[in-house]
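Working notes, beginning with the structure itself.
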Amino acid sequence: MRNILVTGAASGLGKAFVDAYSVQPDTSVISLDCTLQRDLRENVRTFVVDVTSEAAVNEFASFLLTVSPTPMDLVIHSAGIRGLVPALEKAHPEDVAACETLQAMDLETMQRAFSVNTLGTFTLLRALVPLLQLTPDPKVIIMSSRMGSIGNNQLGNKDAGGAYAYRASKAALNMIVRSFAMDVPRIIWVMCHPGRVETGLVDTIEEGAISAKESVTGLLPLIQGWDRSNTGLFYDRFGKRIEW
């Protein structure tokens with residue numbers, strides 16, 4: 001029986017990953033989110049954990065390590081937020097770009113994005129390392145974003161600029177995961193851009209967005225195939241390398 005942990009599991013990509021893995025044979029899924037989930041599937045265990053709380057994260061990891069020993073084969077980390085200025089998003093939910101411009105961005109929104117996307121990722125993954133090291137070929141897949149690519153954010157790209165909180169927090173996330181790959185080489189660490197997906201990150205459906213199910217369906221064989229030759233690298237949903 002292999003154990004898979006999925007974060008951000010109550011909606012969007014996380015829920016799609018839980019749905020996909022829960023129907024695979026000999027698989028137990030740990031479904032983690034900051035909100036309460038109700039799941040009656042026998043092979044799915046749900047937990048409420050706020051990744052911005054170091055105490056809550058450590059308590060959760062300690063439970064899986066000592067109270068209910070759970071060696072972890074695979075972690076899919078998809079918890080995250082977009083980092084839009086809340087008042088502007090509420091007033092103009094259809095205009096995502098206007099909620100994250102140079103003029104609109106504020107410090108509180110930036111700090112919240114870093115707290116969830118960057119520091120939350122560090123806190124959670126560090127706490128899970130002992131559980132991952134209990135299995136022969138542990139793997140961690142992090143849902144990053146092409147918007148965290150510094151090389152992609154340049155003149156000539158029509159989508160360049162803006163999105164200060166999201167871009168910066170995802171770029172920092174990438175660097176943290178890259179360091180994990182150097183410091184804990186026994187674990188396979190891969191960052192992935194899942195595409196522009198219809199999730200709860202924004203209150204509208206962005207142009208060109210695909211469903212979470214479509215994204216996850218395409219990612220599953222890539223995740224299965226990624227090995228030590230891919231550790232510490234950054235890919236799109238088709239398996240193509242993304243520049244840093």
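Convention: chains lettered A, B, ... in structure tokens order; per-chain residue numbering from 1; ligands numbered from 1 as shown.
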Would you kindly return, as a ChimeraX atom specification, each protein, DNA or RNA residue with an atom no farther than 12 Å from any atom of Gly218 (chain A), considering only C-alpha atoms and excluding same-chain residues fewer than 6 positions away? /A:16-17,20,192-195,210-212,224,236-239
Run DSSP on the backbone and give me the residues of region 48-152 of chain A it puts in helix (DSSP H, G or I), as a PyMOL selection string. chain A and resi 54-67+86-91+97-99+107-132+146-148
Quick one: which region 98-160 of chain A residues come within 12 Å of region 167-172 of chain A, and what is the nearest atom pair for each with the distance in Å to one decimal, counting only C-alpha atoms, rows ordered by chain and ascending number, as CSV?
residue,atom,partner,partner_atom,distance
A:Glu100,CA,A:Arg167,CA,10.2
A:Thr101,CA,A:Arg167,CA,11.6
A:Thr109,CA,A:Ser169,CA,11.1
A:Met110,CA,A:Ser169,CA,8.1
A:Gln111,CA,A:Ser169,CA,9.1
A:Arg112,CA,A:Ser169,CA,9.6
A:Ala113,CA,A:Ser169,CA,6.3
A:Phe114,CA,A:Ser169,CA,5.1
A:Ser115,CA,A:Ser169,CA,8.6
A:Val116,CA,A:Ser169,CA,8.7
A:Asn117,CA,A:Ser169,CA,5.9
A:Thr118,CA,A:Ser169,CA,5.6
A:Leu119,CA,A:Ser169,CA,8.9
A:Gly120,CA,A:Ser169,CA,10.7
A:Thr121,CA,A:Lys170,CA,10.2
A:Phe122,CA,A:Ala172,CA,10.2
A:Ile142,CA,A:Lys170,CA,10.5
A:Met143,CA,A:Lys170,CA,9.5
A:Ser144,CA,A:Lys170,CA,6.2
A:Ser145,CA,A:Lys170,CA,6.6
A:Arg146,CA,A:Arg167,CA,8.6
A:Met147,CA,A:Arg167,CA,5.2
A:Gly148,CA,A:Ala171,CA,4.2
A:Ser149,CA,A:Ala171,CA,6.2
A:Ile150,CA,A:Ala171,CA,7.2
A:Gly151,CA,A:Ala171,CA,10.6
A:Asn152,CA,A:Arg167,CA,10.6
A:Asn153,CA,A:Arg167,CA,8.9
A:Asp159,CA,A:Arg167,CA,11.7
A:Ala160,CA,A:Arg167,CA,10.1
Using N, CA, C and O atoms, can you export the residues from the last selection as a tab-separated table (two decimals), in the first residue's frame?
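part_0.tsv, freshly written:
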chain	number	residue	atom	x	y	z
A	100	GLU	N	-3.67	43.34	-8.88
A	100	GLU	CA	-2.30	42.99	-8.52
A	100	GLU	C	-1.27	43.86	-9.26
A	100	GLU	O	-0.16	43.45	-9.50
A	101	THR	N	-1.68	45.08	-9.61
A	101	THR	CA	-0.78	45.99	-10.32
A	101	THR	C	0.19	46.66	-9.36
A	101	THR	O	0.06	46.58	-8.14
A	109	THR	N	-1.07	42.27	1.47
A	109	THR	CA	-1.33	41.24	0.47
A	109	THR	C	-0.05	40.49	0.12
A	109	THR	O	-0.06	39.26	-0.01
A	110	MET	N	1.06	41.21	0.00
A	110	MET	CA	2.35	40.57	-0.27
A	110	MET	C	2.72	39.61	0.85
A	110	MET	O	3.15	38.47	0.62
A	111	GLN	N	2.57	40.07	2.09
A	111	GLN	CA	2.94	39.24	3.23
A	111	GLN	C	2.08	37.98	3.31
A	111	GLN	O	2.59	36.89	3.63
A	112	ARG	N	0.81	38.10	3.02
A	112	ARG	CA	-0.09	36.95	3.06
A	112	ARG	C	0.32	35.93	1.99
A	112	ARG	O	0.35	34.72	2.26
A	113	ALA	N	0.64	36.40	0.80
A	113	ALA	CA	1.05	35.49	-0.27
A	113	ALA	C	2.32	34.74	0.09
A	113	ALA	O	2.44	33.53	-0.13
A	114	PHE	N	3.29	35.45	0.65
A	114	PHE	CA	4.53	34.80	1.06
A	114	PHE	C	4.29	33.83	2.22
A	114	PHE	O	4.90	32.76	2.28
A	115	SER	N	3.39	34.19	3.13
A	115	SER	CA	3.10	33.34	4.28
A	115	SER	C	2.55	31.99	3.83
A	115	SER	O	2.95	30.94	4.36
A	116	VAL	N	1.65	32.00	2.85
A	116	VAL	CA	1.05	30.75	2.37
A	116	VAL	C	1.94	30.06	1.34
A	116	VAL	O	2.30	28.88	1.50
A	117	ASN	N	2.28	30.77	0.28
A	117	ASN	CA	2.94	30.14	-0.87
A	117	ASN	C	4.39	29.76	-0.61
A	117	ASN	O	4.87	28.76	-1.14
A	118	THR	N	5.09	30.56	0.17
A	118	THR	CA	6.52	30.36	0.36
A	118	THR	C	6.85	29.78	1.72
A	118	THR	O	7.38	28.67	1.83
A	119	LEU	N	6.53	30.50	2.78
A	119	LEU	CA	6.86	30.04	4.11
A	119	LEU	C	6.05	28.80	4.49
A	119	LEU	O	6.57	27.88	5.14
A	120	GLY	N	4.80	28.76	4.08
A	120	GLY	CA	3.98	27.58	4.34
A	120	GLY	C	4.54	26.35	3.66
A	120	GLY	O	4.54	25.25	4.23
A	121	THR	N	5.03	26.53	2.44
A	121	THR	CA	5.64	25.41	1.72
A	121	THR	C	6.88	24.92	2.45
A	121	THR	O	7.07	23.71	2.66
A	122	PHE	N	7.74	25.84	2.86
A	122	PHE	CA	8.95	25.46	3.59
A	122	PHE	C	8.62	24.70	4.87
A	122	PHE	O	9.17	23.63	5.15
A	142	ILE	N	5.64	19.80	-6.47
A	142	ILE	CA	5.12	21.08	-6.01
A	142	ILE	C	4.45	21.81	-7.18
A	142	ILE	O	5.07	22.01	-8.23
A	143	MET	N	3.21	22.21	-6.97
A	143	MET	CA	2.53	23.01	-7.98
A	143	MET	C	3.04	24.45	-7.89
A	143	MET	O	2.64	25.22	-7.01
A	144	SER	N	3.95	24.79	-8.77
A	144	SER	CA	4.47	26.15	-8.83
A	144	SER	C	3.69	26.92	-9.90
A	144	SER	O	2.50	26.66	-10.10
A	145	SER	N	4.34	27.81	-10.60
A	145	SER	CA	3.68	28.56	-11.67
A	145	SER	C	4.71	29.17	-12.59
A	145	SER	O	5.79	29.59	-12.14
A	146	ARG	N	4.39	29.20	-13.88
A	146	ARG	CA	5.26	29.87	-14.83
A	146	ARG	C	5.44	31.34	-14.46
A	146	ARG	O	6.43	31.98	-14.80
A	147	MET	N	4.47	31.89	-13.72
A	147	MET	CA	4.56	33.28	-13.30
A	147	MET	C	5.68	33.48	-12.27
A	147	MET	O	6.07	34.60	-11.97
A	148	GLY	N	6.20	32.38	-11.72
A	148	GLY	CA	7.34	32.46	-10.82
A	148	GLY	C	8.67	32.38	-11.55
A	148	GLY	O	9.72	32.43	-10.91
A	149	SER	N	8.63	32.29	-12.87
A	149	SER	CA	9.85	32.26	-13.67
A	149	SER	C	10.32	33.68	-13.94
A	149	SER	O	9.62	34.47	-14.59
A	150	ILE	N	11.52	34.02	-13.48
A	150	ILE	CA	12.07	35.36	-13.72
A	150	ILE	C	12.37	35.54	-15.20
A	150	ILE	O	12.12	36.61	-15.77
A	151	GLY	N	12.88	34.50	-15.84
A	151	GLY	CA	13.20	34.58	-17.26
A	151	GLY	C	11.98	34.80	-18.14
A	151	GLY	O	12.06	35.41	-19.20
A	152	ASN	N	10.83	34.30	-17.69
A	152	ASN	CA	9.60	34.45	-18.47
A	152	ASN	C	8.97	35.83	-18.31
A	152	ASN	O	8.16	36.27	-19.14
A	153	ASN	N	9.34	36.54	-17.25
A	153	ASN	CA	8.75	37.84	-16.94
A	153	ASN	C	9.61	38.94	-17.56
A	153	ASN	O	10.38	39.61	-16.87
A	159	ASP	N	2.07	38.89	-21.16
A	159	ASP	CA	1.57	38.74	-19.80
A	159	ASP	C	2.60	39.14	-18.74
A	159	ASP	O	2.41	38.88	-17.55
A	160	ALA	N	3.69	39.78	-19.17
A	160	ALA	CA	4.75	40.15	-18.23
A	160	ALA	C	4.31	41.30	-17.33
A	160	ALA	O	3.39	42.06	-17.65
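Proximity to Glu54 (chain A) was assessed for A:Leu102, A:Ile187, A:Leu124, A:Val6 counting only C-alpha atoms; the smallest distance is recorded for A:Leu124.
Of the listed residues (A:Asp26, A:Glu89, A:Asp137, A:Asp33), A:Asp137 comes nearest to Asp73 (chain A); the distances count only C-alpha atoms.
Between Thr66 (chain A) and the candidates A:Leu131, A:Met1, A:Leu36, A:Ile141, the tightest atom-to-atom separation, counting only C-alpha atoms, involves A:Leu131.
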Between A:Ser22, A:Ser11, A:Thr231, A:Thr35, single out the one closest to Lys139 (chain A), counting only C-alpha atoms. A:Thr231
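Considering the residues A:Val197, A:Ala61, A:Val18, A:Ile223 and counting only C-alpha atoms, Ile4 (chain A) has its shortest atom-to-atom contact with A:Val18.
We find CA of Glu59 (chain A) and CA of Pro138 (chain A) to be spaced 21.4 Å apart.
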Which residue is closest to Asn58 (chain A)? Choose from A:Met105, A:Val23, A:Leu125, A:Ile81 and count only C-alpha atoms. A:Leu125
CA of Leu132 (chain A) sits from CA of Phe180 (chain A) at a separation of 12.7 Å
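CA of Thr7 (chain A) sits 14.4 Å away from CA of Ser53 (chain A).
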